[in-house]
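Okay, structure first, notes after.
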Amino acid sequence: MKTLLLTAGDTDTAARLLREGSLVGIPTETVYGLGADGTNGQAVEKIFKAKGRPQDNPLILHIPDAGWLERCCRDIPAEAGILAERFWPGPLTMILKRREEIPDAVTAGLDTVGVRCPAHPVCREIIRAADVPVAAPSGNLSGRPSPTTAAHMMRDMDGRIDAVVDGGPCQVGVESSIVDLTCSPPVLLRPGGIPLESLRAVLGEVLVDPAVEGQADPGAAPRAPGMKYRHYAPRAPLTLVCGRGEDTAAYIAAHAPEKCGVLCFREFADCFPGRQVVSLGGENEPEEQARRLFDALRAFDDTDVGEIWAQSPQEQGVGRAVVNRLNRASGFHVIRV
C-alpha cells in the first residue's frame, strides 16, 4: 500500500477515502489521529490492525459540532451541553451512553462511547465532508509516542494506511481530557488538554479514576483510551524522577550514566555533561511541556542512547497530563526525591 500525503486543502479527498472505508491520518489540536468511518465496523477494525492496538481498548468518535451528539449518543445529560458550550471545539472527550448504531469495534463492546469535537478546523471540515463521525485513536504504532506532526505519523504508518493529511504541528500536544458523564459525580478517566481544575470550575465535584495516577487493574476492561496499557514509550527505557526541579536535576546528574538521554527543563539543560539532552520546555510552562513532550520522546529514537532519564513536571493544570504520559511511557518506573 502506498500512503498518500495530502495537504490541508485536500479535505474532499480525505472525506471520500473515509466514506470508502479507508484509513486516513487526520490532524487535530491534540495529536494526529488515525481515522476511520465510525459507523463502519469493518473500517474501524482496520485501525486495530494498522496500530497493533489491543481489541479491548475503546476508541473516540470525532464530530464537527455538538449537534452531532444525538447521532452517536442517547440519554445525554445536561452536563454534556454545559461542557460542550464551554470547551468545544477543544481537547475534551465526554463518555456517554452509546446509540445501538455505533459498532462494537468502536466501544470495545461497552455500552458507552467517547465523543469529542476537535478544535482543528481542517479536521472538522473533513468530518463534515465525510458526513460520518470519525473514530480515531492517536496515529502511532501501539505503545509508541503519539504523533504531533504529519512526519511523525508517516514514520509510523507509511505503507499501513491510505493517506495522511498534513495540517501542521499540533498546538496542544497531548491527547484530550476524558470525563465520564454516565456516573455521578463525573469521573476524570484521562487528564489532557483541559485541566481538571477547569472541569471542576464548571461541574463542581469531579472524581479522578485511580488509573490516572497509577497502574490500572490488568484484569479490568478499560473504560477509555489510555487507562490500561503502556503508552507513549520511546524505544529506550525511561526513568521518571519526581520532585522539585533543583532536586531532580541534581539526582539525575549524580545517577544517570554518561551517554544516556536526559529529558529536562530548559533551566537545567547545562547540568548534564556527557549526556544527550532534550529540553521539555520551561519548568513553569506546562503548556509548552505538553506541546514538546512527544516530539522530545521521539527525538531520542534518532540517537543511540540506551536509557532515558526525565524530570517530572508538577501535577497542576496541563502538567497533570504530561506527568500521566511520562508515567506510562516509563512503565511507572518512578523515583521520588
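Numbering starts fresh at 1 for the residues of each chain in the C-alpha cells, the chains themselves are lettered A, B, ... in the order given, and ligands are numbered from 1 as they appear.
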Which residues of stretch 121-189 of chain A sit at most 9 Å from stretch 21-35 of chain A, using only C-alpha atoms? Give each one's shortest atom pair and distance in Å (one decimal place), in chain and ascending residue order, as CSV.
residue,atom,partner,partner_atom,distance
A:Pro121,CA,A:Thr28,CA,8.2
A:Val122,CA,A:Pro27,CA,7.2
A:Cys123,CA,A:Pro27,CA,5.9
A:Arg124,CA,A:Thr28,CA,8.8
A:Ile126,CA,A:Ile26,CA,8.4
A:Val134,CA,A:Gly35,CA,5.8
A:Ala135,CA,A:Gly35,CA,5.5
A:Ala136,CA,A:Gly35,CA,4.3
A:Pro137,CA,A:Gly33,CA,5.3
A:Ser138,CA,A:Gly33,CA,4.4
A:Gly139,CA,A:Leu34,CA,4.4
A:Asn140,CA,A:Leu34,CA,7.9
A:Ser146,CA,A:Val31,CA,6.5
A:Pro147,CA,A:Tyr32,CA,5.6
A:Thr148,CA,A:Val31,CA,4.8
A:Thr149,CA,A:Tyr32,CA,6.9
A:Ala150,CA,A:Tyr32,CA,7.3
A:His152,CA,A:Tyr32,CA,8.8
A:Met153,CA,A:Tyr32,CA,7.2
A:Met154,CA,A:Gly25,CA,8.8
A:Met157,CA,A:Gly25,CA,8.7
A:Arg160,CA,A:Leu23,CA,8.8
A:Ile161,CA,A:Leu23,CA,5.4
A:Asp162,CA,A:Leu23,CA,5.5
A:Ala163,CA,A:Val24,CA,4.9
A:Val164,CA,A:Gly25,CA,4.1
A:Val165,CA,A:Ile26,CA,5.5
A:Asp166,CA,A:Pro27,CA,6.8
A:Gly167,CA,A:Pro27,CA,5.3
A:Gly168,CA,A:Pro27,CA,7.5
A:Pro169,CA,A:Pro27,CA,8.3
A:Cys170,CA,A:Glu29,CA,4.9
A:Gln171,CA,A:Glu29,CA,5.2
A:Val172,CA,A:Thr30,CA,4.8
A:Gly173,CA,A:Thr30,CA,4.8
A:Val174,CA,A:Thr30,CA,5.2
A:Glu175,CA,A:Thr30,CA,5.1
A:Ser176,CA,A:Thr30,CA,6.5
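Residues lying within 8 Å of stretch 250-257 of chain A, counting only C-alpha atoms and ignoring same-chain neighbours fewer than 2 positions away, are A:Val241, A:Glu246, A:Asp247, A:Thr248, A:Lys259, A:Cys260, A:Cys271, A:Phe272, A:Arg275, A:Trp309, A:Val337.
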- Task: Write out as a list in words which residues come within 7 Å of A:Pro225 when counting only C-alpha atoms, dropping same-chain ones fewer than 3 positions away.
- Result: Asn57, Pro58 and Leu59 of chain A
- Task: Please report, as a ChimeraX atom specification, each residue of stretch 2-183 of chain A to which DSSP assigns helix (DSSP H, G or I) when run on this structure's backbone.
- Result: /A:11-19,41-51,66-72,78-87,104-107,121-130,150-157
- Return as a PyMOL selection string the full set of residues in stretch 22-168 of chain A whose backbone-based DSSP assignment is strand (DSSP E). chain A and resi 24-26+33-37+60-62+73-74+92-98+112-116+134-135+163-165
- Message: Please list as a PyMOL selection string every residue within 12 Å of A:Asp270, counting only C-alpha atoms and excluding residues in the same chain fewer than 6 positions away.
- Response: chain A and resi 249-250+253+262-264+276-279
- Which neighbours of A:Pro77 fall inside 12 Å, counting only C-alpha atoms, when residues of the same chain fewer than 2 positions from it are skipped, and could you give them as a VMD selection string? chain A and resid 69 to 70 73 to 75 79 to 84 94 to 97 180 to 184 186
Could the residues in this selection be written to a file with N, CA and C atoms, as a PDB file, in the first residue's frame?
ATOM      1  N   LEU A  69     -24.108  15.099  18.585  1.00  0.00           N
ATOM      2  CA  LEU A  69     -24.129  14.175  19.725  1.00  0.00           C
ATOM      3  C   LEU A  69     -25.279  13.189  19.624  1.00  0.00           C
ATOM      4  N   GLU A  70     -26.439  13.656  19.169  1.00  0.00           N
ATOM      5  CA  GLU A  70     -27.603  12.785  19.068  1.00  0.00           C
ATOM      6  C   GLU A  70     -27.394  11.662  18.065  1.00  0.00           C
ATOM      7  N   CYS A  73     -25.055   9.245  20.533  1.00  0.00           N
ATOM      8  CA  CYS A  73     -25.312   9.004  21.952  1.00  0.00           C
ATOM      9  C   CYS A  73     -26.800   9.096  22.268  1.00  0.00           C
ATOM     10  N   ARG A  74     -27.167   8.514  23.405  1.00  0.00           N
ATOM     11  CA  ARG A  74     -28.534   8.596  23.922  1.00  0.00           C
ATOM     12  C   ARG A  74     -28.485   8.996  25.388  1.00  0.00           C
ATOM     13  N   ASP A  75     -29.630   9.386  25.915  1.00  0.00           N
ATOM     14  CA  ASP A  75     -29.737   9.756  27.337  1.00  0.00           C
ATOM     15  C   ASP A  75     -28.657  10.775  27.703  1.00  0.00           C
ATOM     16  N   GLU A  79     -25.176  18.034  31.715  1.00  0.00           N
ATOM     17  CA  GLU A  79     -23.762  18.384  31.867  1.00  0.00           C
ATOM     18  C   GLU A  79     -23.014  18.345  30.545  1.00  0.00           C
ATOM     19  N   ALA A  80     -23.457  17.471  29.647  1.00  0.00           N
ATOM     20  CA  ALA A  80     -22.790  17.382  28.346  1.00  0.00           C
ATOM     21  C   ALA A  80     -22.947  18.685  27.566  1.00  0.00           C
ATOM     22  N   GLY A  81     -24.135  19.244  27.587  1.00  0.00           N
ATOM     23  CA  GLY A  81     -24.354  20.521  26.906  1.00  0.00           C
ATOM     24  C   GLY A  81     -23.558  21.639  27.533  1.00  0.00           C
ATOM     25  N   ILE A  82     -23.463  21.622  28.858  1.00  0.00           N
ATOM     26  CA  ILE A  82     -22.698  22.659  29.565  1.00  0.00           C
ATOM     27  C   ILE A  82     -21.218  22.573  29.187  1.00  0.00           C
ATOM     28  N   LEU A  83     -20.673  21.355  29.177  1.00  0.00           N
ATOM     29  CA  LEU A  83     -19.266  21.189  28.829  1.00  0.00           C
ATOM     30  C   LEU A  83     -19.007  21.541  27.365  1.00  0.00           C
ATOM     31  N   ALA A  84     -19.925  21.138  26.481  1.00  0.00           N
ATOM     32  CA  ALA A  84     -19.756  21.457  25.064  1.00  0.00           C
ATOM     33  C   ALA A  84     -19.762  22.969  24.839  1.00  0.00           C
ATOM     34  N   MET A  94     -16.102  13.378  26.108  1.00  0.00           N
ATOM     35  CA  MET A  94     -17.138  13.010  27.075  1.00  0.00           C
ATOM     36  C   MET A  94     -17.550  11.564  26.847  1.00  0.00           C
ATOM     37  N   ILE A  95     -17.604  10.790  27.918  1.00  0.00           N
ATOM     38  CA  ILE A  95     -18.110   9.423  27.862  1.00  0.00           C
ATOM     39  C   ILE A  95     -19.612   9.463  28.126  1.00  0.00           C
ATOM     40  N   LEU A  96     -20.383   8.956  27.146  1.00  0.00           N
ATOM     41  CA  LEU A  96     -21.841   8.986  27.211  1.00  0.00           C
ATOM     42  C   LEU A  96     -22.400   7.630  26.804  1.00  0.00           C
ATOM     43  N   LYS A  97     -23.693   7.438  27.010  1.00  0.00           N
ATOM     44  CA  LYS A  97     -24.339   6.208  26.567  1.00  0.00           C
ATOM     45  C   LYS A  97     -24.366   6.180  25.034  1.00  0.00           C
ATOM     46  N   ASP A 180     -16.063  10.986  32.335  1.00  0.00           N
ATOM     47  CA  ASP A 180     -17.205  10.071  32.269  1.00  0.00           C
ATOM     48  C   ASP A 180     -18.422  10.756  32.862  1.00  0.00           C
ATOM     49  N   LEU A 181     -19.438  10.994  32.006  1.00  0.00           N
ATOM     50  CA  LEU A 181     -20.670  11.642  32.453  1.00  0.00           C
ATOM     51  C   LEU A 181     -21.791  10.645  32.690  1.00  0.00           C
ATOM     52  N   THR A 182     -21.493   9.338  32.635  1.00  0.00           N
ATOM     53  CA  THR A 182     -22.529   8.335  32.881  1.00  0.00           C
ATOM     54  C   THR A 182     -22.654   7.993  34.358  1.00  0.00           C
ATOM     55  N   CYS A 183     -21.870   8.662  35.190  1.00  0.00           N
ATOM     56  CA  CYS A 183     -21.926   8.429  36.630  1.00  0.00           C
ATOM     57  C   CYS A 183     -22.003   9.782  37.344  1.00  0.00           C
ATOM     58  N   SER A 184     -22.375   9.738  38.603  1.00  0.00           N
ATOM     59  CA  SER A 184     -22.483  10.966  39.393  1.00  0.00           C
ATOM     60  C   SER A 184     -21.783  10.770  40.736  1.00  0.00           C
ATOM     61  N   PRO A 186     -19.251  13.106  38.065  1.00  0.00           N
ATOM     62  CA  PRO A 186     -18.431  12.707  36.920  1.00  0.00           C
ATOM     63  C   PRO A 186     -17.029  12.285  37.365  1.00  0.00           C
TER      64      PRO A 186
END
- Item | stretch 294-304 of chain A environment, 6 Å, only C-alpha atoms, sequence neighbours closer than 2 positions dropped, as an NGL selection string | :A and (145 or 234 or 292)
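A straight line drawn from atom CA of A:Leu5 to atom CA of A:Ala108 is 29.9 Å long.
Rounded to one decimal, atom CA of A:Leu6 and atom CA of A:Pro118 lie 19.3 Å from each other.
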- Query: Contacts of A:Arg16 at 10 Å or less, counting only C-alpha atoms, minus same-chain residues fewer than 3 places along, as a PyMOL selection string?
  - Reply: chain A and resi 11-13+19-22+126+129-131
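Taking atom CA of A:Val132 and atom CA of A:Asp37 as endpoints, the distance between them is 6.2 Å.
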- Message: Using only C-alpha atoms, can you tell me which of A:Glu197, A:Glu205, A:Glu307, A:Asp65 comes closest to A:Ala119?
- Response: A:Asp65
- From the set A:Gly193, A:Pro286, A:Pro273, A:Pro313, which residue has the shortest atom-to-atom contact distance to A:Arg244, counting only C-alpha atoms? A:Pro313
